[in-house]
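Pasted below: entry15.cif, mmCIF, C-alpha atoms.
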```cif
data_data
#
loop_
_atom_site.label_atom_id
_atom_site.label_comp_id
_atom_site.auth_asym_id
_atom_site.auth_seq_id
_atom_site.Cartn_x
_atom_site.Cartn_y
_atom_site.Cartn_z
CA MET A 1 0.00 0.00 0.00
CA LYS A 2 2.79 2.42 0.88
CA GLN A 3 4.60 1.62 -2.36
CA GLN A 4 1.44 2.25 -4.40
CA ARG A 5 0.88 5.50 -2.56
CA ARG A 6 4.44 6.61 -3.32
CA ARG A 7 3.94 5.78 -6.99
CA ARG A 8 0.73 7.81 -7.10
CA ILE A 9 2.46 10.77 -5.47
CA ALA A 10 5.38 10.49 -7.88
CA ASP A 11 3.01 10.23 -10.86
CA SER A 12 1.03 13.24 -9.66
CA LEU A 13 4.22 15.23 -9.15
CA LEU A 14 5.56 14.41 -12.63
CA TYR A 15 2.17 15.16 -14.18
CA GLY A 16 2.13 18.54 -12.43
CA ILE A 17 5.64 19.34 -13.68
CA MET A 18 4.71 18.43 -17.26
CA ALA A 19 1.47 20.41 -17.07
CA ALA A 20 3.35 23.43 -15.72
CA ALA A 21 5.93 23.16 -18.53
CA PHE A 22 3.16 22.94 -21.13
CA ALA A 23 1.38 25.95 -19.62
CA GLY A 24 4.62 27.94 -19.53
CA VAL A 25 5.41 27.25 -23.18
CA GLY A 26 1.84 28.06 -24.19
CA ALA A 27 1.84 31.29 -22.21
CA LEU A 28 5.18 32.34 -23.71
CA LEU A 29 3.89 31.71 -27.24
CA VAL A 30 0.69 33.68 -26.55
CA CYS A 31 2.69 36.58 -25.11
CA ILE A 32 5.00 36.75 -28.12
CA LEU A 33 2.12 36.62 -30.61
CA ALA A 34 0.08 39.15 -28.65
CA TYR A 35 3.01 41.57 -28.47
CA ILE A 36 3.72 41.33 -32.20
CA LEU A 37 0.06 41.71 -33.18
CA ALA A 38 -0.53 44.59 -30.76
CA SER A 39 2.61 46.44 -31.88
CA GLY A 40 1.73 46.15 -35.57
CA ALA A 41 -2.04 46.55 -35.31
CA GLY A 42 -1.95 50.26 -36.18
CA HIS A 43 -0.28 49.61 -39.55
CA PHE A 44 -1.77 46.23 -40.45
CA SER A 45 -4.57 46.48 -43.03
CA LEU A 46 -5.70 45.01 -46.32
CA GLY A 47 -4.09 47.88 -48.16
CA PHE A 48 -0.81 47.22 -46.38
CA LEU A 49 -0.91 43.62 -47.65
CA LEU A 50 -1.90 44.48 -51.23
CA ARG A 51 -0.01 47.73 -51.94
CA PRO A 52 3.32 47.68 -53.82
CA ALA A 53 6.52 48.37 -51.92
CA GLN A 54 6.83 51.87 -53.35
CA ALA A 55 3.49 52.73 -51.70
CA GLY A 56 4.49 51.26 -48.33
CA GLY A 57 2.95 47.81 -48.87
CA ILE A 58 4.41 44.32 -48.75
CA PHE A 59 2.59 42.59 -51.63
CA PRO A 60 5.80 41.92 -53.67
CA MET A 61 7.48 40.42 -50.59
CA ILE A 62 4.51 38.13 -49.92
CA LEU A 63 4.57 36.83 -53.51
CA THR A 64 8.35 36.35 -53.45
CA THR A 65 8.09 34.40 -50.20
CA LEU A 66 5.38 32.16 -51.64
CA TYR A 67 7.39 31.60 -54.83
CA VAL A 68 10.52 30.62 -52.90
CA VAL A 69 8.72 28.36 -50.40
CA LEU A 70 6.59 26.52 -52.97
CA LEU A 71 9.45 26.08 -55.44
CA SER A 72 11.84 24.82 -52.76
CA LEU A 73 9.21 22.31 -51.59
CA ALA A 74 8.61 21.18 -55.17
CA ILE A 75 12.32 20.44 -55.48
CA ALA A 76 13.10 19.05 -52.02
CA LEU A 77 9.97 17.01 -51.21
CA PRO A 78 10.23 14.39 -54.02
CA VAL A 79 13.98 13.97 -53.47
CA GLY A 80 13.57 13.72 -49.70
CA VAL A 81 10.70 11.23 -49.90
CA MET A 82 12.56 9.00 -52.37
CA THR A 83 15.69 9.11 -50.19
CA ALA A 84 13.70 8.18 -47.07
CA VAL A 85 11.99 5.30 -48.91
CA PHE A 86 15.34 4.02 -50.12
CA LEU A 87 16.91 4.21 -46.65
CA ASN A 88 13.98 2.51 -44.91
CA GLU A 89 12.86 -0.03 -47.52
CA TYR A 90 15.88 -0.96 -49.62
CA ALA A 91 19.20 0.08 -48.10
CA GLY A 92 19.61 -2.25 -45.13
CA SER A 93 22.57 -1.38 -42.90
CA PRO A 94 25.89 -1.63 -44.76
CA GLN A 95 28.73 0.71 -43.85
CA TRP A 96 28.12 3.22 -46.62
CA ILE A 97 24.48 3.59 -45.59
CA LYS A 98 25.64 4.48 -42.08
CA LEU A 99 27.86 7.13 -43.65
CA LEU A 100 24.88 8.43 -45.61
CA ARG A 101 22.78 8.68 -42.45
CA LEU A 102 25.66 10.49 -40.75
CA ALA A 103 25.77 12.91 -43.68
CA VAL A 104 22.04 13.60 -43.32
CA GLU A 105 22.44 14.22 -39.58
CA THR A 106 25.37 16.54 -40.28
CA LEU A 107 23.40 18.52 -42.85
CA ALA A 108 20.66 19.06 -40.27
CA GLY A 109 23.12 20.77 -37.93
CA ILE A 110 24.84 23.12 -40.39
CA PRO A 111 24.04 26.83 -39.74
CA SER A 112 21.80 28.40 -42.36
CA ILE A 113 24.33 31.11 -43.23
CA LEU A 114 26.65 28.40 -44.56
CA TYR A 115 23.87 27.17 -46.84
CA GLY A 116 23.55 30.75 -48.05
CA LEU A 117 27.27 30.95 -48.88
CA PHE A 118 27.06 27.56 -50.58
CA GLY A 119 24.10 28.68 -52.71
CA LEU A 120 25.77 31.99 -53.53
CA LEU A 121 28.91 30.27 -54.82
CA LEU A 122 27.27 27.29 -56.55
CA PHE A 123 23.94 28.46 -57.95
CA CYS A 124 24.44 32.21 -58.25
CA ARG A 125 28.02 32.27 -59.55
CA PHE A 126 29.06 28.82 -60.79
CA PHE A 127 25.78 28.09 -62.62
CA LYS A 128 25.39 31.83 -63.37
CA LEU A 129 21.79 32.00 -62.14
CA GLY A 130 22.49 35.20 -60.24
CA GLN A 131 20.47 36.33 -57.26
CA SER A 132 17.06 34.98 -58.20
CA VAL A 133 14.08 33.04 -56.98
CA ILE A 134 15.40 29.80 -58.46
CA SER A 135 18.79 30.23 -56.73
CA GLY A 136 17.09 30.75 -53.39
CA ALA A 137 14.75 27.80 -53.92
CA LEU A 138 17.61 25.47 -54.83
CA THR A 139 19.57 26.60 -51.77
CA LEU A 140 16.61 26.14 -49.45
CA SER A 141 15.82 22.74 -50.97
CA VAL A 142 19.29 21.51 -49.97
CA MET A 143 18.73 22.88 -46.46
CA LEU A 144 15.28 21.26 -46.16
CA LEU A 145 16.36 17.78 -47.23
CA PRO A 146 17.46 16.56 -43.75
CA VAL A 147 14.15 17.65 -42.19
CA ILE A 148 12.11 15.89 -44.87
CA ILE A 149 14.23 12.71 -44.92
CA ARG A 150 14.17 12.23 -41.15
CA THR A 151 10.46 12.96 -40.77
CA VAL A 152 9.38 10.71 -43.65
CA GLU A 153 11.69 7.90 -42.55
CA GLU A 154 10.22 7.96 -39.04
CA SER A 155 6.74 7.84 -40.57
CA LEU A 156 7.69 4.81 -42.67
CA LYS A 157 9.01 3.01 -39.59
CA THR A 158 5.60 3.24 -37.90
CA ILE A 159 3.91 1.21 -40.66
CA PRO A 160 3.58 -2.43 -39.47
CA ALA A 161 5.67 -5.00 -41.31
CA SER A 162 2.54 -7.14 -41.59
CA PHE A 163 1.16 -4.70 -44.18
CA ARG A 164 4.15 -5.32 -46.43
CA GLU A 165 4.10 -9.08 -45.83
CA ALA A 166 0.39 -9.34 -46.64
CA SER A 167 0.85 -7.42 -49.88
CA LEU A 168 3.84 -9.50 -50.95
CA SER A 169 2.05 -12.75 -50.07
CA LEU A 170 -0.76 -11.80 -52.45
CA GLY A 171 1.69 -11.60 -55.33
CA ALA A 172 2.41 -7.87 -55.38
CA THR A 173 5.90 -6.72 -56.24
CA LYS A 174 8.06 -4.63 -53.94
CA PHE A 175 7.35 -1.51 -55.98
CA GLN A 176 3.60 -2.15 -56.03
CA THR A 177 3.64 -2.64 -52.26
CA LEU A 178 5.41 0.69 -51.84
CA THR A 179 3.15 2.67 -54.17
CA HIS A 180 -0.19 1.15 -53.10
CA ILE A 181 0.35 0.27 -49.42
CA VAL A 182 3.38 1.87 -47.77
CA ILE A 183 3.42 5.39 -49.24
CA PRO A 184 -0.37 5.96 -48.88
CA GLU A 185 -0.14 4.89 -45.24
CA ALA A 186 2.82 7.25 -44.73
CA LEU A 187 1.12 10.18 -46.46
CA PRO A 188 0.21 12.02 -43.21
CA GLY A 189 3.87 11.85 -42.20
CA ILE A 190 4.92 13.12 -45.63
CA LEU A 191 2.57 16.06 -45.29
CA THR A 192 3.94 16.71 -41.80
CA ALA A 193 7.41 16.86 -43.32
CA ALA A 194 6.11 19.33 -45.91
CA VAL A 195 4.61 21.51 -43.16
CA LEU A 196 7.85 21.54 -41.17
CA ALA A 197 9.88 22.28 -44.29
CA ALA A 198 7.54 25.07 -45.39
CA GLY A 199 7.67 26.71 -41.97
CA ARG A 200 11.46 26.64 -41.92
CA ALA A 201 11.75 27.90 -45.51
CA ALA A 202 9.39 30.80 -44.83
CA GLY A 203 11.31 31.80 -41.69
CA GLU A 204 14.85 31.76 -43.10
CA SER A 205 16.61 35.04 -43.81
CA ALA A 206 20.37 34.50 -44.28
CA PRO A 207 20.20 32.02 -47.22
CA VAL A 208 17.58 34.03 -49.14
CA LEU A 209 19.38 37.31 -48.46
CA LEU A 210 22.47 35.96 -50.23
CA THR A 211 20.71 34.07 -53.03
CA VAL A 212 17.34 35.72 -53.73
CA GLY A 213 18.42 39.33 -53.26
CA ILE A 214 16.81 42.48 -51.92
CA ALA A 215 14.89 43.86 -54.93
CA ARG A 216 11.47 45.14 -53.86
CA ASN A 217 9.72 44.22 -57.09
CA ILE A 218 7.41 41.36 -58.07
CA PRO A 219 9.52 38.66 -59.79
CA LYS A 220 8.25 38.13 -63.33
CA SER A 221 9.98 34.75 -63.55
CA VAL A 222 12.00 32.42 -61.33
CA PHE A 223 15.17 33.96 -62.76
CA ASP A 224 14.37 37.42 -61.36
CA SER A 225 15.54 38.74 -58.02
CA GLY A 226 13.18 39.62 -55.19
CA ARG A 227 12.87 40.17 -51.46
CA THR A 228 11.20 37.79 -49.02
CA LEU A 229 9.30 38.89 -45.92
CA THR A 230 12.13 37.91 -43.57
CA VAL A 231 14.69 39.95 -45.52
CA HIS A 232 12.27 42.86 -45.72
CA LEU A 233 11.71 42.62 -41.97
CA TYR A 234 15.47 42.68 -41.42
CA TYR A 235 15.90 45.85 -43.46
CA LEU A 236 12.90 47.51 -41.81
CA THR A 237 14.37 47.00 -38.34
CA LYS A 238 17.88 47.89 -39.50
CA GLU A 239 16.80 51.20 -41.04
CA ALA A 240 14.13 52.07 -38.46
CA VAL A 241 14.55 55.50 -36.88
CA ARG A 242 10.95 56.50 -36.06
CA PRO A 243 8.34 54.71 -33.95
CA ASP A 244 6.22 54.22 -37.10
CA ASP A 245 9.08 52.30 -38.71
CA PHE A 246 9.01 49.74 -35.92
CA GLY A 247 5.22 49.55 -36.23
CA ILE A 248 5.56 48.69 -39.93
CA ALA A 249 8.17 46.07 -39.02
CA PHE A 250 5.82 44.47 -36.50
CA ALA A 251 2.99 44.54 -39.06
CA THR A 252 5.29 42.73 -41.49
CA ALA A 253 6.11 40.16 -38.78
CA ALA A 254 2.37 39.65 -38.20
CA ALA A 255 1.87 39.06 -41.94
CA LEU A 256 4.70 36.49 -41.91
CA ILE A 257 3.11 34.66 -38.97
CA MET A 258 -0.25 34.64 -40.72
CA LEU A 259 1.34 33.27 -43.90
CA VAL A 260 3.00 30.40 -41.99
CA VAL A 261 -0.27 29.64 -40.16
CA ILE A 262 -2.19 29.54 -43.46
CA ILE A 263 0.35 27.17 -45.02
CA ASN A 264 0.34 24.87 -41.98
CA THR A 265 -3.46 24.89 -41.70
CA GLY A 266 -3.87 24.07 -45.39
CA ALA A 267 -1.43 21.17 -45.13
CA LYS A 268 -3.22 19.80 -42.05
CA ILE A 269 -6.59 19.97 -43.81
CA ILE A 270 -5.15 18.04 -46.75
CA ALA A 271 -3.61 15.48 -44.36
CA ARG A 272 -6.96 15.02 -42.60
CA CYS A 273 -8.69 14.40 -45.94
CA PHE A 274 -6.12 11.74 -46.83
CA ARG A 275 -6.54 10.07 -43.43
CA LYS A 276 -10.26 9.73 -44.07
#
```
Show how you would write the structure in this file as structure tokens.
Amino acid sequence: MKQQRRRRIADSLLYGIMAAAFAGVGALLVCILAYILASGAGHFSLGFLLRPAQAGGIFPMILTTLYVVLLSLAIALPVGVMTAVFLNEYAGSPQWIKLLRLAVETLAGIPSILYGLFGLLLFCRFFKLGQSVISGALTLSVMLLPVIIRTVEESLKTIPASFREASLSLGATKFQTLTHIVIPEALPGILTAAVLAAGRAAGESAPVLLTVGIARNIPKSVFDSGRTLTVHLYYLTKEAVRPDDFGIAFATAAALIMLVVIINTGAKIIARCFRK
């Protein structure tokens, strides 16, 4: 009886600690969001979102951010999913596969500024793409690969081996099992990887500053330069001298948060539809 009572007390104590940690994180997030929204409320409006940069709006920066995020996902997601499928379904555990996994883990820990320098030298100068949307998307796609590979691989590991065995026992090939059983079951995890990658791509500043550029125009093609919301926010705070300048910066930060929330919500709705 005493031992059970001690266990209950210990469980209650640990539950209280975890609940307090959850409440603290939630309160911190609410405080940050409330401060940003309250500071930028006076400048945030539909006109602010839709006006060109010359008129004090951020519409070109919103479009450039969407172009870079969507294009980087279009490049990185197929490559990351195929790599994760190969590592989990085909590779086994030879020595060179361990080196490949180590390389993926190492890529995940490299600072983003180094990816920016890499993209500047390789895509902008070596391939002569210049500072453009495509250079930034290619750079971000390299940076997003570790996130996508690790998330999708963990999703594939949760699929029971009995699913694969049942499919193979019915005469299906390995490829048919992957395309009709494994990948559809892992689709929520793939969409989760896309959400995480999109959020990171939208929030990066150093790589896009070096590869996309700082032009405040709407890119007419992927080979044109532009300015993302994070870079625009950096320059707003750097050049701010009046209180109104900081208000515009906070309004831009609120627009960036809203954009990330819209992307994440849309991906979750799609994932829920696929689960059904």
- Query: Applied to the shown file, which residues does the PyMOL selection byres ((chain A and resi 251) around 8) return, written as a ChimeraX atom specification?
  - Reply: /A:36-37,39-41,43-44,247-250,252-255
Identify all residues satisfying the PyMOL selection byres ((chain A and resi 84) around 12) in the given file; provide them as a PDB file with C-alpha atoms, keeping the file's coordinate frame.
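Output (expr_8.pdb):
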```pdb
ATOM      1  CA  ALA A  76      13.100  19.050 -52.020  1.00  0.00           C
ATOM      2  CA  LEU A  77       9.970  17.010 -51.210  1.00  0.00           C
ATOM      3  CA  PRO A  78      10.230  14.390 -54.020  1.00  0.00           C
ATOM      4  CA  VAL A  79      13.980  13.970 -53.470  1.00  0.00           C
ATOM      5  CA  GLY A  80      13.570  13.720 -49.700  1.00  0.00           C
ATOM      6  CA  VAL A  81      10.700  11.230 -49.900  1.00  0.00           C
ATOM      7  CA  MET A  82      12.560   9.000 -52.370  1.00  0.00           C
ATOM      8  CA  THR A  83      15.690   9.110 -50.190  1.00  0.00           C
ATOM      9  CA  VAL A  85      11.990   5.300 -48.910  1.00  0.00           C
ATOM     10  CA  PHE A  86      15.340   4.020 -50.120  1.00  0.00           C
ATOM     11  CA  LEU A  87      16.910   4.210 -46.650  1.00  0.00           C
ATOM     12  CA  ASN A  88      13.980   2.510 -44.910  1.00  0.00           C
ATOM     13  CA  GLU A  89      12.860  -0.030 -47.520  1.00  0.00           C
ATOM     14  CA  TYR A  90      15.880  -0.960 -49.620  1.00  0.00           C
ATOM     15  CA  ALA A  91      19.200   0.080 -48.100  1.00  0.00           C
ATOM     16  CA  ILE A  97      24.480   3.590 -45.590  1.00  0.00           C
ATOM     17  CA  LEU A 100      24.880   8.430 -45.610  1.00  0.00           C
ATOM     18  CA  ARG A 101      22.780   8.680 -42.450  1.00  0.00           C
ATOM     19  CA  VAL A 104      22.040  13.600 -43.320  1.00  0.00           C
ATOM     20  CA  LEU A 145      16.360  17.780 -47.230  1.00  0.00           C
ATOM     21  CA  PRO A 146      17.460  16.560 -43.750  1.00  0.00           C
ATOM     22  CA  VAL A 147      14.150  17.650 -42.190  1.00  0.00           C
ATOM     23  CA  ILE A 148      12.110  15.890 -44.870  1.00  0.00           C
ATOM     24  CA  ILE A 149      14.230  12.710 -44.920  1.00  0.00           C
ATOM     25  CA  ARG A 150      14.170  12.230 -41.150  1.00  0.00           C
ATOM     26  CA  THR A 151      10.460  12.960 -40.770  1.00  0.00           C
ATOM     27  CA  VAL A 152       9.380  10.710 -43.650  1.00  0.00           C
ATOM     28  CA  GLU A 153      11.690   7.900 -42.550  1.00  0.00           C
ATOM     29  CA  GLU A 154      10.220   7.960 -39.040  1.00  0.00           C
ATOM     30  CA  SER A 155       6.740   7.840 -40.570  1.00  0.00           C
ATOM     31  CA  LEU A 156       7.690   4.810 -42.670  1.00  0.00           C
ATOM     32  CA  LYS A 157       9.010   3.010 -39.590  1.00  0.00           C
ATOM     33  CA  ILE A 183       3.420   5.390 -49.240  1.00  0.00           C
ATOM     34  CA  ALA A 186       2.820   7.250 -44.730  1.00  0.00           C
ATOM     35  CA  GLY A 189       3.870  11.850 -42.200  1.00  0.00           C
ATOM     36  CA  ILE A 190       4.920  13.120 -45.630  1.00  0.00           C
ATOM     37  CA  ALA A 193       7.410  16.860 -43.320  1.00  0.00           C
TER      38      ALA A 193
END
```
- Message: From (19.8, 30.3, -58.0), in the file's coordinates, out to 12 Å: which residues are reached, counting only C-alpha atoms? Answer as a PyMOL selection string.
- Response: chain A and resi 68+71-72+116-142+207-213+222-226
Take the residues that were just selected and, keeping C-alpha atoms, output them as a PDB file, in the coordinates of the input.
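Contents of part-v8.pdb, as written:
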```pdb
ATOM      1  CA  VAL A  68      10.520  30.620 -52.900  1.00  0.00           C
ATOM      2  CA  LEU A  71       9.450  26.080 -55.440  1.00  0.00           C
ATOM      3  CA  SER A  72      11.840  24.820 -52.760  1.00  0.00           C
ATOM      4  CA  GLY A 116      23.550  30.750 -48.050  1.00  0.00           C
ATOM      5  CA  LEU A 117      27.270  30.950 -48.880  1.00  0.00           C
ATOM      6  CA  PHE A 118      27.060  27.560 -50.580  1.00  0.00           C
ATOM      7  CA  GLY A 119      24.100  28.680 -52.710  1.00  0.00           C
ATOM      8  CA  LEU A 120      25.770  31.990 -53.530  1.00  0.00           C
ATOM      9  CA  LEU A 121      28.910  30.270 -54.820  1.00  0.00           C
ATOM     10  CA  LEU A 122      27.270  27.290 -56.550  1.00  0.00           C
ATOM     11  CA  PHE A 123      23.940  28.460 -57.950  1.00  0.00           C
ATOM     12  CA  CYS A 124      24.440  32.210 -58.250  1.00  0.00           C
ATOM     13  CA  ARG A 125      28.020  32.270 -59.550  1.00  0.00           C
ATOM     14  CA  PHE A 126      29.060  28.820 -60.790  1.00  0.00           C
ATOM     15  CA  PHE A 127      25.780  28.090 -62.620  1.00  0.00           C
ATOM     16  CA  LYS A 128      25.390  31.830 -63.370  1.00  0.00           C
ATOM     17  CA  LEU A 129      21.790  32.000 -62.140  1.00  0.00           C
ATOM     18  CA  GLY A 130      22.490  35.200 -60.240  1.00  0.00           C
ATOM     19  CA  GLN A 131      20.470  36.330 -57.260  1.00  0.00           C
ATOM     20  CA  SER A 132      17.060  34.980 -58.200  1.00  0.00           C
ATOM     21  CA  VAL A 133      14.080  33.040 -56.980  1.00  0.00           C
ATOM     22  CA  ILE A 134      15.400  29.800 -58.460  1.00  0.00           C
ATOM     23  CA  SER A 135      18.790  30.230 -56.730  1.00  0.00           C
ATOM     24  CA  GLY A 136      17.090  30.750 -53.390  1.00  0.00           C
ATOM     25  CA  ALA A 137      14.750  27.800 -53.920  1.00  0.00           C
ATOM     26  CA  LEU A 138      17.610  25.470 -54.830  1.00  0.00           C
ATOM     27  CA  THR A 139      19.570  26.600 -51.770  1.00  0.00           C
ATOM     28  CA  LEU A 140      16.610  26.140 -49.450  1.00  0.00           C
ATOM     29  CA  SER A 141      15.820  22.740 -50.970  1.00  0.00           C
ATOM     30  CA  VAL A 142      19.290  21.510 -49.970  1.00  0.00           C
ATOM     31  CA  PRO A 207      20.200  32.020 -47.220  1.00  0.00           C
ATOM     32  CA  VAL A 208      17.580  34.030 -49.140  1.00  0.00           C
ATOM     33  CA  LEU A 209      19.380  37.310 -48.460  1.00  0.00           C
ATOM     34  CA  LEU A 210      22.470  35.960 -50.230  1.00  0.00           C
ATOM     35  CA  THR A 211      20.710  34.070 -53.030  1.00  0.00           C
ATOM     36  CA  VAL A 212      17.340  35.720 -53.730  1.00  0.00           C
ATOM     37  CA  GLY A 213      18.420  39.330 -53.260  1.00  0.00           C
ATOM     38  CA  VAL A 222      12.000  32.420 -61.330  1.00  0.00           C
ATOM     39  CA  PHE A 223      15.170  33.960 -62.760  1.00  0.00           C
ATOM     40  CA  ASP A 224      14.370  37.420 -61.360  1.00  0.00           C
ATOM     41  CA  SER A 225      15.540  38.740 -58.020  1.00  0.00           C
ATOM     42  CA  GLY A 226      13.180  39.620 -55.190  1.00  0.00           C
TER      43      GLY A 226
END
```
- Query: Which is closer to Val69 in chain A than all the others in A:Thr177, A:Thr228, A:Gln54, A:Ser162, using all atoms listed in the file?
  - Reply: A:Thr228
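Computed from the coordinates, the CA of Ile269 in chain A to CA of Leu49 in chain A distance equals 24.6 Å.
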- Query: How would you write as a list in words the residues that get within 7 Å of (10.0, 43.7, -55.2) in the file's frame, counting all atoms listed in the file?
  - Reply: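 The answer, in the requested form, is Ala53, Pro60, Met61, Ala215, Arg216, Asn217, Ile218, Pro219, Gly226 and Arg227 of chain A.
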- Task: Report the distance between CA of Ile58 in chain A and CA of Val195 in chain A in Å, rounded to one decimal place.
- Result: 23.5 Å
- CA of Val182 in chain A and CA of Ile159 in chain A, how far apart in Å?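 Going from CA of Ile159 in chain A over to CA of Val182 in chain A covers 7.2 Å.
Using the PyMOL selection byres ((chain A and resi 259) around 10) on this structure selects A:Ile62, A:Thr65, A:Leu66, A:Gly199, A:Ala202, A:Leu229, A:Ala253, A:Ala254, A:Ala255, A:Leu256, A:Ile257, A:Met258, A:Val260, A:Val261, A:Ile262, A:Ile263, A:Asn264, A:Thr265.
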